[in-house]
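Q: Pasting query_13.cif below, which is mmCIF, C-alpha atoms.
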```cif
data_input
loop_
_atom_site.label_atom_id
_atom_site.label_comp_id
_atom_site.auth_asym_id
_atom_site.auth_seq_id
_atom_site.Cartn_x
_atom_site.Cartn_y
_atom_site.Cartn_z
CA MET C 13 -3.87 -46.08 9.85
CA ALA C 14 -1.33 -44.09 11.89
CA SER C 15 -0.97 -41.60 9.04
CA SER C 16 -4.75 -41.22 8.87
CA ARG C 17 -4.97 -40.56 12.62
CA ILE C 18 -2.21 -37.97 12.44
CA LYS C 19 -3.97 -36.18 9.58
CA LYS C 20 -7.26 -36.18 11.46
CA GLU C 21 -5.55 -34.82 14.55
CA ILE C 22 -3.94 -32.02 12.53
CA LEU C 23 -7.29 -31.10 11.00
CA ALA C 24 -8.95 -31.18 14.40
CA ARG C 25 -6.34 -28.82 15.82
CA PHE C 26 -6.77 -26.52 12.83
CA PHE C 27 -10.52 -26.20 13.26
CA LEU C 28 -10.08 -25.87 17.02
CA GLY C 29 -7.75 -22.97 16.30
CA ILE C 30 -10.43 -21.38 14.15
CA ILE C 31 -12.91 -21.61 17.01
CA ILE C 32 -10.46 -20.28 19.59
CA LEU C 33 -9.14 -17.44 17.47
CA GLY C 34 -12.50 -16.60 16.02
CA ILE C 35 -11.19 -16.11 12.48
CA PRO C 36 -13.60 -13.61 10.90
CA LEU C 37 -15.66 -14.81 7.97
CA GLY C 38 -17.55 -11.59 7.41
CA ILE C 39 -16.62 -8.31 5.83
CA MET C 40 -16.40 -4.77 7.03
CA ILE C 41 -19.40 -2.90 5.69
CA ARG C 42 -18.14 0.59 6.43
CA GLY C 43 -14.82 2.24 7.11
CA GLN C 44 -14.61 5.99 6.65
CA ILE C 45 -13.09 9.11 8.14
CA SER C 46 -15.35 10.40 10.90
CA SER C 47 -15.54 13.58 12.94
CA GLU C 48 -17.08 11.70 15.86
CA PRO C 49 -14.96 11.35 19.04
CA GLY C 50 -13.83 7.86 19.93
CA LEU C 51 -11.20 5.65 21.52
CA LEU C 52 -7.70 7.12 21.24
CA VAL C 53 -5.17 4.70 19.72
CA GLN C 54 -1.55 5.78 20.01
CA ALA C 55 1.12 4.44 17.66
CA SER C 56 4.83 4.17 18.34
CA ILE C 57 7.57 1.96 16.92
CA PRO C 58 7.42 -1.63 18.23
CA GLU C 59 10.58 -1.18 20.29
CA ASP C 60 8.70 1.49 22.26
CA GLY C 61 5.41 -0.34 22.63
CA GLY C 62 3.65 -0.39 19.24
CA TRP C 63 -0.11 0.17 19.33
CA ASN C 64 -1.71 1.33 22.57
CA PRO C 65 -4.15 -0.14 23.34
CA GLY C 66 -3.22 -3.36 21.60
CA THR C 67 -6.68 -4.89 22.02
CA ILE C 68 -9.95 -3.16 21.08
CA LYS C 69 -13.47 -4.52 21.60
CA ALA C 70 -16.46 -3.89 19.34
CA LYS C 71 -19.91 -5.31 18.60
CA VAL C 72 -21.45 -6.46 15.34
CA GLY C 73 -23.43 -3.70 13.64
CA GLN C 74 -22.40 -0.99 16.09
CA PRO C 75 -20.06 1.86 15.03
CA LEU C 76 -16.53 1.71 16.36
CA ASN C 77 -15.13 5.24 16.46
CA LEU C 78 -11.35 5.43 16.66
CA GLN C 79 -8.88 8.30 16.92
CA PHE C 80 -5.27 7.74 15.86
CA THR C 81 -2.10 9.64 16.60
CA SER C 82 1.61 8.84 16.43
CA LEU C 83 4.13 9.44 19.20
CA ASP C 84 7.16 9.28 16.89
CA VAL C 85 7.14 8.61 13.12
CA VAL C 86 4.45 8.27 10.47
CA HIS C 87 2.58 4.97 10.79
CA GLY C 88 -0.21 3.39 8.77
CA PHE C 89 -3.33 1.59 10.00
CA SER C 90 -5.06 -1.24 8.14
CA ILE C 91 -7.02 -4.36 9.04
CA GLY C 92 -5.98 -7.73 7.67
CA ILE C 93 -8.12 -9.65 5.14
CA LEU C 94 -10.63 -6.80 4.83
CA ASP C 95 -10.65 -4.46 1.85
CA LEU C 96 -10.11 -1.26 3.81
CA PRO C 97 -7.90 1.61 2.57
CA GLU C 98 -5.00 2.25 4.90
CA ILE C 99 -5.13 5.26 7.20
CA ASP C 100 -2.05 7.44 7.67
CA VAL C 101 -1.21 8.17 11.30
CA PHE C 102 0.88 11.32 11.71
CA PRO C 103 2.87 12.54 14.75
CA GLY C 104 1.03 15.18 16.73
CA GLU C 105 -2.15 14.91 14.64
CA ILE C 106 -5.48 13.17 15.18
CA THR C 107 -7.02 11.03 12.44
CA ARG C 108 -10.49 9.62 13.00
CA THR C 109 -12.29 6.68 11.46
CA ASN C 110 -15.67 4.99 11.89
CA LEU C 111 -15.82 1.19 11.47
CA VAL C 112 -18.81 -1.13 11.40
CA PHE C 113 -18.34 -4.92 11.36
CA SER C 114 -20.91 -7.29 9.92
CA GLU C 115 -19.39 -10.46 11.41
CA PRO C 116 -17.94 -11.36 14.82
CA GLY C 117 -14.37 -12.54 15.09
CA ARG C 118 -10.81 -11.65 15.88
CA TYR C 119 -9.55 -9.02 13.43
CA VAL C 120 -5.84 -8.18 13.29
CA TYR C 121 -4.81 -4.62 12.53
CA TYR C 122 -1.27 -3.69 11.64
CA CYS C 123 1.09 -0.91 10.61
CA THR C 124 1.50 -0.46 6.86
CA ARG C 125 4.64 1.70 7.07
CA TRP C 126 8.16 0.31 7.58
CA CYS C 127 8.59 2.22 10.80
CA SER C 128 11.49 0.20 12.31
CA PRO C 129 13.38 -3.10 11.97
CA ASN C 130 10.63 -4.76 14.02
CA HIS C 131 7.83 -3.24 11.95
CA TRP C 132 6.18 -6.62 11.46
CA ARG C 133 5.62 -6.90 15.23
CA MET C 134 3.37 -3.86 15.19
CA ARG C 135 -0.02 -5.54 15.33
CA GLY C 136 -3.15 -5.20 17.39
CA THR C 137 -6.45 -7.01 17.74
CA ILE C 138 -10.07 -5.95 17.38
CA ILE C 139 -12.38 -8.45 19.08
CA VAL C 140 -15.87 -8.18 17.60
CA GLU C 141 -18.68 -9.83 19.55
CA GLY C 142 -22.13 -10.77 18.30
CA GLU C 143 -24.00 -13.39 16.32
CA SER C 144 -22.67 -14.68 13.02
CA ARG C 145 -24.74 -14.96 9.88
CA VAL C 146 -22.12 -17.01 8.02
CA GLU C 147 -22.13 -20.80 8.29
CA GLN C 148 -19.36 -21.71 5.86
CA LYS C 149 -15.98 -22.50 7.39
CA PRO C 150 -12.70 -21.72 5.58
CA ASP C 151 -10.86 -24.59 3.93
CA PRO C 152 -7.72 -25.69 5.79
CA PRO C 153 -4.41 -24.86 4.06
CA LEU C 154 -2.71 -27.44 1.87
CA TYR C 155 0.09 -28.21 4.32
CA VAL C 156 -2.51 -29.14 6.95
CA VAL C 157 -4.54 -31.27 4.55
CA MET C 158 -1.41 -33.11 3.40
CA GLY C 159 0.18 -33.35 6.86
CA ILE C 160 3.37 -31.62 5.68
CA ASP C 161 6.03 -30.67 8.21
CA ILE C 162 6.85 -27.17 6.99
CA ASP C 163 9.76 -26.87 9.44
CA GLN C 164 11.69 -29.78 7.93
CA ASP C 165 14.95 -28.75 6.28
CA ARG C 166 14.77 -29.53 2.58
CA GLN C 167 17.66 -29.49 0.11
CA THR C 168 18.08 -30.87 -3.40
CA ASN C 169 21.05 -31.82 -5.57
CA LEU C 170 19.00 -31.43 -8.76
CA ILE C 171 20.35 -28.02 -9.73
CA PRO C 172 20.03 -26.53 -13.24
CA GLU C 173 23.17 -25.40 -15.05
CA ALA C 174 21.59 -21.99 -15.62
CA THR C 175 18.52 -20.18 -14.36
CA PRO C 176 15.55 -21.92 -16.05
CA SER C 177 14.10 -19.81 -18.86
CA LEU C 178 10.35 -19.26 -19.01
CA LYS C 179 10.52 -18.20 -22.65
CA ALA C 180 12.52 -21.25 -23.71
CA GLY C 181 10.19 -23.47 -21.70
CA LYS C 182 7.12 -22.10 -23.48
CA GLU C 183 8.73 -22.87 -26.84
CA ILE C 184 9.33 -26.45 -25.71
CA MET C 185 5.69 -26.74 -24.58
CA THR C 186 4.46 -25.91 -28.08
CA GLY C 187 6.09 -29.10 -29.33
CA ILE C 188 4.41 -31.34 -26.74
CA SER C 189 0.77 -32.33 -26.92
CA ARG C 190 -1.56 -30.85 -24.33
CA GLN C 191 -2.71 -34.32 -23.37
CA LYS C 192 0.79 -35.38 -22.35
CA LEU C 193 1.31 -32.25 -20.27
CA GLU C 194 -2.16 -32.24 -18.72
CA PRO C 195 -1.18 -33.90 -15.41
CA TYR C 196 1.66 -31.39 -14.98
CA LEU C 197 -0.58 -28.39 -15.69
CA ASP C 198 -2.97 -29.20 -12.87
CA LEU C 199 -2.81 -26.38 -10.30
CA SER C 200 -3.16 -28.73 -7.34
CA TYR C 201 -0.28 -30.85 -8.62
CA LEU C 202 1.99 -27.84 -9.12
CA ARG C 203 1.23 -26.46 -5.67
CA THR C 204 1.90 -29.71 -3.85
CA HIS C 205 5.11 -30.75 -5.60
CA SER C 206 8.52 -29.13 -5.58
CA PRO C 207 10.22 -28.10 -8.84
CA SER C 208 12.86 -30.80 -8.34
CA GLU C 209 10.13 -33.45 -7.96
CA VAL C 210 8.44 -32.25 -11.14
CA TRP C 211 11.78 -32.22 -12.98
CA PHE C 212 12.46 -35.80 -11.93
CA SER C 213 9.00 -36.97 -13.05
CA LEU C 214 9.37 -35.19 -16.40
CA SER C 215 12.81 -36.69 -16.95
CA GLU C 216 11.26 -40.16 -16.85
CA GLU C 217 8.61 -39.33 -19.46
CA GLU C 218 9.04 -40.66 -22.96
CA PHE C 219 8.13 -37.31 -24.53
CA THR C 220 11.13 -35.61 -22.85
CA GLY C 221 13.63 -38.21 -24.08
CA ASP C 222 15.19 -35.80 -26.59
CA LEU C 223 15.45 -32.92 -24.12
CA SER C 224 18.59 -32.02 -22.19
CA ASP C 225 18.52 -31.61 -18.41
CA GLN C 226 18.52 -27.83 -18.81
CA GLU C 227 15.66 -27.96 -21.34
CA ILE C 228 13.59 -29.96 -18.86
CA TRP C 229 14.26 -27.26 -16.27
CA ASN C 230 13.07 -24.69 -18.80
CA LEU C 231 9.91 -26.74 -19.20
CA VAL C 232 9.46 -26.76 -15.41
CA ALA C 233 9.70 -22.96 -15.42
CA ALA C 234 6.97 -22.73 -18.06
CA LEU C 235 4.73 -25.10 -16.12
CA TRP C 236 5.19 -23.04 -12.95
CA ASN C 237 4.00 -19.98 -14.82
CA SER C 238 1.12 -21.68 -16.64
CA ASN C 239 -1.51 -20.71 -14.05
CA VAL C 240 -0.23 -17.21 -13.31
CA THR C 241 -2.14 -14.26 -14.77
CA PRO C 242 -0.56 -10.83 -15.45
CA GLU C 243 -2.90 -9.30 -12.85
CA SER C 244 -1.85 -11.83 -10.19
CA SER C 245 1.81 -11.36 -11.05
CA LEU C 246 1.57 -7.59 -10.66
CA ALA C 247 -0.39 -7.89 -7.40
CA GLY C 248 2.18 -10.34 -6.05
CA GLN C 249 5.08 -8.05 -6.88
CA GLN C 250 3.39 -5.07 -5.23
CA LEU C 251 2.58 -7.02 -2.07
CA TYR C 252 6.11 -8.42 -1.95
CA ASP C 253 7.61 -4.95 -2.34
CA GLN C 254 5.41 -3.57 0.43
CA ASN C 255 5.77 -6.40 2.93
CA CYS C 256 8.78 -8.58 2.15
CA THR C 257 11.64 -6.55 0.64
CA ALA C 258 12.81 -5.04 3.93
CA CYS C 259 13.88 -8.52 5.09
CA HIS C 260 14.18 -10.68 1.98
CA GLY C 261 15.46 -7.91 -0.29
CA ALA C 262 14.15 -6.64 -3.60
CA ASP C 263 16.23 -9.34 -5.30
CA GLY C 264 14.96 -12.11 -2.99
CA SER C 265 18.44 -12.87 -1.66
CA GLY C 266 17.51 -12.40 2.00
CA ALA C 267 19.70 -9.30 2.30
CA GLY C 268 17.06 -6.65 2.93
CA ILE C 269 17.80 -3.50 4.90
CA PHE C 270 16.32 -5.01 8.09
CA ALA C 271 17.90 -8.44 7.66
CA GLN C 272 21.01 -7.77 9.72
CA LYS C 273 21.15 -8.50 13.43
CA TYR C 274 21.57 -5.59 15.84
CA SER C 275 23.59 -5.39 19.03
CA PRO C 276 21.77 -4.84 22.36
CA GLY C 277 20.73 -1.27 22.98
CA GLU C 278 21.12 -0.22 19.36
CA ILE C 279 17.38 0.03 18.76
CA GLY C 280 15.50 1.83 21.48
CA SER C 281 15.53 0.31 24.96
CA SER C 282 15.23 -3.32 23.86
CA ASN C 283 16.55 -5.53 21.11
CA LEU C 284 13.77 -7.66 19.69
CA LEU C 285 15.99 -8.93 16.88
CA GLN C 286 18.28 -11.04 19.05
CA ASP C 287 18.38 -14.77 18.28
CA ILE C 288 16.43 -14.35 15.03
CA THR C 289 17.82 -16.27 12.07
CA SER C 290 18.48 -14.62 8.73
CA PRO C 291 15.60 -14.30 6.25
CA ALA C 292 15.22 -17.04 3.65
CA ASP C 293 17.15 -16.65 0.41
CA PHE C 294 14.65 -17.10 -2.42
CA THR C 295 17.49 -17.12 -4.97
CA ASN C 296 19.08 -20.26 -3.50
CA PRO C 297 18.22 -23.18 -5.82
CA GLU C 298 19.36 -25.88 -3.38
CA SER C 299 16.64 -24.96 -0.90
CA MET C 300 13.96 -23.34 -3.09
CA LEU C 301 13.78 -26.07 -5.74
CA ALA C 302 13.27 -28.60 -2.94
CA VAL C 303 10.10 -27.01 -1.53
CA SER C 304 6.55 -26.86 -2.81
CA SER C 305 4.23 -23.88 -2.98
CA ALA C 306 2.15 -25.57 -0.28
CA ILE C 307 5.13 -25.28 2.07
CA LEU C 308 5.59 -21.62 1.20
CA GLU C 309 1.88 -21.07 1.85
CA GLY C 310 2.25 -22.68 5.26
CA LYS C 311 5.25 -20.50 6.11
CA MET C 312 3.32 -17.37 5.20
CA LEU C 313 0.17 -18.38 7.05
CA ARG C 314 1.81 -19.59 10.24
CA GLY C 315 5.15 -17.82 10.22
CA GLY C 316 8.56 -19.37 10.68
CA MET C 317 8.99 -20.93 14.12
CA GLY C 318 12.32 -19.81 15.57
CA THR C 319 12.82 -17.20 12.87
CA GLY C 320 11.80 -13.61 12.35
CA MET C 321 9.18 -14.58 9.77
CA PRO C 322 5.81 -13.18 10.89
CA ASN C 323 2.51 -14.97 10.35
CA PHE C 324 0.60 -13.33 7.52
CA GLY C 325 -2.48 -15.52 7.88
CA PRO C 326 -4.49 -12.79 9.65
CA ILE C 327 -3.20 -10.13 7.24
CA PHE C 328 -3.56 -11.39 3.67
CA SER C 329 -6.42 -13.07 1.86
CA SER C 330 -5.84 -16.46 0.24
CA SER C 331 -5.55 -14.92 -3.24
CA GLU C 332 -3.03 -12.37 -1.98
CA ILE C 333 -0.87 -15.08 -0.42
CA TRP C 334 -0.87 -17.13 -3.61
CA SER C 335 0.00 -14.09 -5.71
CA ILE C 336 3.01 -13.42 -3.47
CA ILE C 337 4.10 -17.06 -3.77
CA ASP C 338 3.81 -16.89 -7.56
CA TYR C 339 6.05 -13.83 -7.50
CA ILE C 340 8.60 -15.49 -5.22
CA TRP C 341 9.11 -18.20 -7.85
CA THR C 342 10.33 -15.55 -10.30
CA PHE C 343 13.59 -15.52 -8.34
CA GLN C 344 14.17 -19.07 -9.59
CA PHE C 345 12.69 -18.86 -13.09
CA THR C 346 13.69 -16.05 -15.41
CA ASP C 347 11.77 -14.65 -18.39
#
```
Go ahead and render the structure in this file as C-alpha cells.
A:
Amino acid sequence: MASSRIKKEILARFFLGIIILGIPLGIMIRGQISSEPGLLVQASIPEDGGWNPGTIKAKVGQPLNLQFTSLDVVHGFSIGILDLPEIDVFPGEITRTNLVFSEPGRYVYYCTRWCSPNHWRMRGTIIVEGESRVEQKPDPPLYVVMGIDIDQDRQTNLIPEATPSLKAGKEIMTGISRQKLEPYLDLSYLRTHSPSEVWFSLSEEEFTGDLSDQEIWNLVAALWNSNVTPESSLAGQQLYDQNCTACHGADGSGAGIFAQKYSPGEIGSSNLLQDITSPADFTNPESMLAVSSAILEGKMLRGGMGTGMPNFGPIFSSSEIWSIIDYIWTFQFTD
C-alpha cells in the first residue's frame, strides 16, 4: 500500500509539473527567415549572460518576429522538441526569423554551437499564450511510472572478461528458439532492466546451460541491439556527437574537452563550473551494466542533480532521447 501511495504521489507531481511548466503539445507551423522588424535577441557566451532577453512572450497563431545578433562568437538558435532548422547567429550581423505557434506552452530555445564550457546553460524560454486544441497528455517517463530513484548509486560485480560482442551474440541467438528468447526481446523488459540483471536471469535458464559466462554476455549484447534500427543508431550517434561529446568525450569515457574543472576567473568574470562533478563514464562496466535504460532516460530528461548534466527533456523528442540511449550502449557492447 505504501509503495502504491508513493507511486501515485510521484505521478501526481509529474502531471502537476506539466501543468505548471506548460509543456507544449503542439507544433510550430511556420519558422522562416523574415525581413520584418521584431524583438532584438542578443547572444553572448553563458559566462557573460547568454540570451538577452531570456524570456520571450508570444500568442497562439500570431507571428513572432525576432532579430538575432551575437556580441562575441558564432551562436546557433533552435527550439527544443520542434522540427525547426537551426539559425546561425553571427557577431555584428542581424538575422531575422518569423515564428508562428499552433499550441500554447513553455518552449525552450537553446544554443546549438559549443560556444563555451558552459554552453549547455545557454537556454531561453518562449511563453506562448492562448487556447489549446490538443487534449492528449504526454505519457510519464518510465522512471516515474516505476518509482525509480535515478540518483541512487548503482554498481555491479558481474563484469564480463571482455567487451561483449554483438556479432558473437547474434550467432548464439540463431541457435536458440525465438520462443525461449521472447521474454528477453520485449522492448519494455530491456528498457527497465539492467544488463547485469538480464545476464543473471539468462544464466539461470536451461537453454544457456552450455554457454560460458562470456557467451551469455555476448547474448546480452545481441538482445540490447535487437530493437535498434540502423536509422535510429545513426541519429543517436549524430545527436551524441552534437550534444554530448564535449563533456562525455567521443569515446564515452567522460573526458571531453569541457569535462575538466576550471579555476576561478579563468572563464570570463564568473566560474559556473565550480563544484560540478565529472561527467559520467559510459565505458565503465561497473556502473553502466548496473543501470537500466529507464534510468538513463530519467537522467537525460531531468538532468543530474548536483552534477553538470543538463536536463534535455525540453530539448529532445522522446525518439531522439531513446536513439541517444541506444548509442550510449555501444560503449559497452562492441560489434
Q: Take the PyMOL selection byres ((chain C and resi 269) around 9), apply it to the structure above, and return the hits as a list in words.
A: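 Applied to this file, the PyMOL selection byres ((chain C and resi 269) around 9) returns Pro129, Thr257, Ala258, Cys259, His260, Gly261, Ala267, Gly268, Phe270, Ala271 and Gln272 of chain C.
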Q: Those same residues - C-alpha atoms - I'd like them written as a compact mmCIF listing (two decimals), in the coordinates of the input.
A:
```txt
# COMPACT_ATOMS: atom_id res chain seq x y z
CA PRO C 129 13.38 -3.10 11.97
CA THR C 257 11.64 -6.55 0.64
CA ALA C 258 12.81 -5.04 3.93
CA CYS C 259 13.88 -8.52 5.09
CA HIS C 260 14.18 -10.68 1.98
CA GLY C 261 15.46 -7.91 -0.29
CA ALA C 267 19.70 -9.30 2.30
CA GLY C 268 17.06 -6.65 2.93
CA PHE C 270 16.32 -5.01 8.09
CA ALA C 271 17.90 -8.44 7.66
CA GLN C 272 21.01 -7.77 9.72
```
Q: Looking at C:Asn296, C:Ser335, C:Asn64, C:Asn323, which one is nearest to C:Lys311, with distances taken over only C-alpha atoms?
A: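 Nearest to C:Lys311: C:Asn323.
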Q: Name the residues within 8 Å of (-8.4, -7.6, 13.4), counting all atoms listed in the file in the file's coordinates, and put them as a VMD selection string.
A: chain C and resid 91 to 92 117 to 121 136 to 139 326
Q: How would the residues just chosen look if you wrote them out with C-alpha atoms as an mmCIF file, keeping the file's coordinate frame?
A:
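Ended up saving to part.cif:
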```cif
data_model
loop_
_atom_site.group_PDB
_atom_site.id
_atom_site.type_symbol
_atom_site.label_atom_id
_atom_site.label_comp_id
_atom_site.auth_asym_id
_atom_site.auth_seq_id
_atom_site.Cartn_x
_atom_site.Cartn_y
_atom_site.Cartn_z
ATOM 1 C CA ILE C 91 -7.020 -4.360 9.040
ATOM 2 C CA GLY C 92 -5.980 -7.730 7.670
ATOM 3 C CA GLY C 117 -14.370 -12.540 15.090
ATOM 4 C CA ARG C 118 -10.810 -11.650 15.880
ATOM 5 C CA TYR C 119 -9.550 -9.020 13.430
ATOM 6 C CA VAL C 120 -5.840 -8.180 13.290
ATOM 7 C CA TYR C 121 -4.810 -4.620 12.530
ATOM 8 C CA GLY C 136 -3.150 -5.200 17.390
ATOM 9 C CA THR C 137 -6.450 -7.010 17.740
ATOM 10 C CA ILE C 138 -10.070 -5.950 17.380
ATOM 11 C CA ILE C 139 -12.380 -8.450 19.080
ATOM 12 C CA PRO C 326 -4.490 -12.790 9.650
#
```
Q: Atom CA of C:Ala247 and atom CA of C:Trp211, how far apart in Å?
A: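 If I compute the distance from atom CA of C:Trp211 to atom CA of C:Ala247, I get 27.8 Å.
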Q: Give me the residues within 10 Å of C:Ser200 as a PyMOL selection string, counting only C-alpha atoms and dropping any in the same chain fewer than 3 places off.
A: chain C and resi 154+195-197+203-205+305-306
Q: Mind checking which residues fall within 12 Å of C:Phe219, counting all atoms listed in the file, ignoring those fewer than 5 positions away in the same chain, and posting them as a list in words?
A: Ile184, Met185, Gly187, Ile188, Ser189, Arg190, Gln191, Lys192, Leu193, Ser213, Leu214, Ser224, Ile228 and Leu231 of chain C
Q: Please measure the separation of atom CA of C:Asn110 and atom CA of C:Gln79, giving the value in Å to one decimal.
A: 9.1 Å
Q: Find the residues around stretch 343-346 of chain C up to 9 Å (only C-alpha atoms counted), leave out those fewer than 2 positions away in its own chain, and share them as a short mmCIF file (atom, residue, chain, number, x, y, z; two decimals) with C-alpha atoms, in the coordinates of the input.
A:
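Heads up, here's the output in selection18.cif:
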```cif
data_model
loop_
_atom_site.label_atom_id
_atom_site.label_comp_id
_atom_site.auth_asym_id
_atom_site.auth_seq_id
_atom_site.Cartn_x
_atom_site.Cartn_y
_atom_site.Cartn_z
CA THR C 175 18.52 -20.18 -14.36
CA PRO C 176 15.55 -21.92 -16.05
CA SER C 177 14.10 -19.81 -18.86
CA LEU C 178 10.35 -19.26 -19.01
CA LYS C 179 10.52 -18.20 -22.65
CA ASN C 230 13.07 -24.69 -18.80
CA VAL C 232 9.46 -26.76 -15.41
CA ALA C 233 9.70 -22.96 -15.42
CA ALA C 234 6.97 -22.73 -18.06
CA TRP C 236 5.19 -23.04 -12.95
CA ASN C 237 4.00 -19.98 -14.82
CA ASP C 263 16.23 -9.34 -5.30
CA GLY C 264 14.96 -12.11 -2.99
CA SER C 265 18.44 -12.87 -1.66
CA PHE C 294 14.65 -17.10 -2.42
CA THR C 295 17.49 -17.12 -4.97
CA ASN C 296 19.08 -20.26 -3.50
CA PRO C 297 18.22 -23.18 -5.82
CA MET C 300 13.96 -23.34 -3.09
CA LEU C 301 13.78 -26.07 -5.74
CA TYR C 339 6.05 -13.83 -7.50
CA ILE C 340 8.60 -15.49 -5.22
CA TRP C 341 9.11 -18.20 -7.85
#
```
Q: By how many Å are atom CA of C:Asp347 and atom CA of C:Asp253 apart?
A: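 Here the two named atoms are 19.2 Å from each other.
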Q: Report the residues retrieved by the PyMOL selection byres ((chain C and resi 58) around 8) from the displayed file, expressed as a PyMOL selection string.
A: chain C and resi 56-57+59-63+128+130-131+133-134
Q: Go through C:Asn169, C:Gln250, C:Ser304, C:Thr107 one by one, measure the shortest atom-to-atom distance of each to C:Leu199 using all atoms listed in the file, and give the residue with the smallest value.
A: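 Looking only at the distances to C:Leu199, the closest residue turns out to be C:Ser304.
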Q: With distances taken over all atoms listed in the file, which residue among C:Ser114, C:Ser331, C:Gln74, C:Thr124 lies nearest C:His87?
A: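 Closest residue, counting all atoms listed in the file: C:Thr124.
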Q: Between C:Thr168, C:Ser290, C:Ser299, C:Gln254, single out the one closest to C:Cys123, counting all atoms listed in the file.
A: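 Of the candidates, the smallest distance to C:Cys123 is held by C:Gln254.
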Q: Select all residues near (-21.5, -13.6, 16.6) (cut-off 8 Å, inclusive, file coordinates), counting only C-alpha atoms, and output them as a PyMOL selection string.
A: chain C and resi 72+115-117+140-145
Q: Include C-alpha atoms and write out the residues we just selected as a PDB file, in the frame of the given file.
A:
```
ATOM      1  CA  VAL C  72     -21.450  -6.460  15.340  1.00  0.00           C
ATOM      2  CA  GLU C 115     -19.390 -10.460  11.410  1.00  0.00           C
ATOM      3  CA  PRO C 116     -17.940 -11.360  14.820  1.00  0.00           C
ATOM      4  CA  GLY C 117     -14.370 -12.540  15.090  1.00  0.00           C
ATOM      5  CA  VAL C 140     -15.870  -8.180  17.600  1.00  0.00           C
ATOM      6  CA  GLU C 141     -18.680  -9.830  19.550  1.00  0.00           C
ATOM      7  CA  GLY C 142     -22.130 -10.770  18.300  1.00  0.00           C
ATOM      8  CA  GLU C 143     -24.000 -13.390  16.320  1.00  0.00           C
ATOM      9  CA  SER C 144     -22.670 -14.680  13.020  1.00  0.00           C
ATOM     10  CA  ARG C 145     -24.740 -14.960   9.880  1.00  0.00           C
TER      11      ARG C 145
END
```
Q: Output as a PDB file, in the coordinates of the input: stretch 54-65 of chain C, completed with N, CA and C atoms.
A:
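Resulting contents of selection.pdb:
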```
ATOM      1  N   GLN C  54      -2.856   5.170  20.215  1.00  0.00           N
ATOM      2  CA  GLN C  54      -1.550   5.780  20.010  1.00  0.00           C
ATOM      3  C   GLN C  54      -0.599   4.795  19.345  1.00  0.00           C
ATOM      4  N   ALA C  55       0.177   5.288  18.393  1.00  0.00           N
ATOM      5  CA  ALA C  55       1.120   4.440  17.660  1.00  0.00           C
ATOM      6  C   ALA C  55       2.543   4.885  17.955  1.00  0.00           C
ATOM      7  N   SER C  56       3.405   3.913  18.197  1.00  0.00           N
ATOM      8  CA  SER C  56       4.830   4.170  18.340  1.00  0.00           C
ATOM      9  C   SER C  56       5.566   2.949  17.800  1.00  0.00           C
ATOM     10  N   ILE C  57       6.836   3.089  17.484  1.00  0.00           N
ATOM     11  CA  ILE C  57       7.570   1.960  16.920  1.00  0.00           C
ATOM     12  C   ILE C  57       7.522   0.775  17.884  1.00  0.00           C
ATOM     13  N   PRO C  58       7.568  -0.443  17.369  1.00  0.00           N
ATOM     14  CA  PRO C  58       7.420  -1.630  18.230  1.00  0.00           C
ATOM     15  C   PRO C  58       8.386  -1.667  19.400  1.00  0.00           C
ATOM     16  N   GLU C  59       9.603  -1.175  19.199  1.00  0.00           N
ATOM     17  CA  GLU C  59      10.580  -1.180  20.290  1.00  0.00           C
ATOM     18  C   GLU C  59      10.134  -0.315  21.464  1.00  0.00           C
ATOM     19  N   ASP C  60       9.207   0.614  21.202  1.00  0.00           N
ATOM     20  CA  ASP C  60       8.700   1.490  22.260  1.00  0.00           C
ATOM     21  C   ASP C  60       7.244   1.210  22.603  1.00  0.00           C
ATOM     22  N   GLY C  61       6.740   0.050  22.194  1.00  0.00           N
ATOM     23  CA  GLY C  61       5.410  -0.340  22.630  1.00  0.00           C
ATOM     24  C   GLY C  61       4.400  -0.629  21.542  1.00  0.00           C
ATOM     25  N   GLY C  62       4.601  -0.106  20.325  1.00  0.00           N
ATOM     26  CA  GLY C  62       3.650  -0.390  19.240  1.00  0.00           C
ATOM     27  C   GLY C  62       2.318   0.315  19.438  1.00  0.00           C
ATOM     28  N   TRP C  63       1.224  -0.401  19.173  1.00  0.00           N
ATOM     29  CA  TRP C  63      -0.110   0.170  19.330  1.00  0.00           C
ATOM     30  C   TRP C  63      -0.532   0.180  20.799  1.00  0.00           C
ATOM     31  N   ASN C  64      -1.177   1.238  21.213  1.00  0.00           N
ATOM     32  CA  ASN C  64      -1.710   1.330  22.570  1.00  0.00           C
ATOM     33  C   ASN C  64      -3.085   2.002  22.525  1.00  0.00           C
ATOM     34  N   PRO C  65      -4.149   1.251  22.861  1.00  0.00           N
ATOM     35  CA  PRO C  65      -4.150  -0.140  23.340  1.00  0.00           C
ATOM     36  C   PRO C  65      -3.921  -1.137  22.208  1.00  0.00           C
TER      37      PRO C  65
END
```
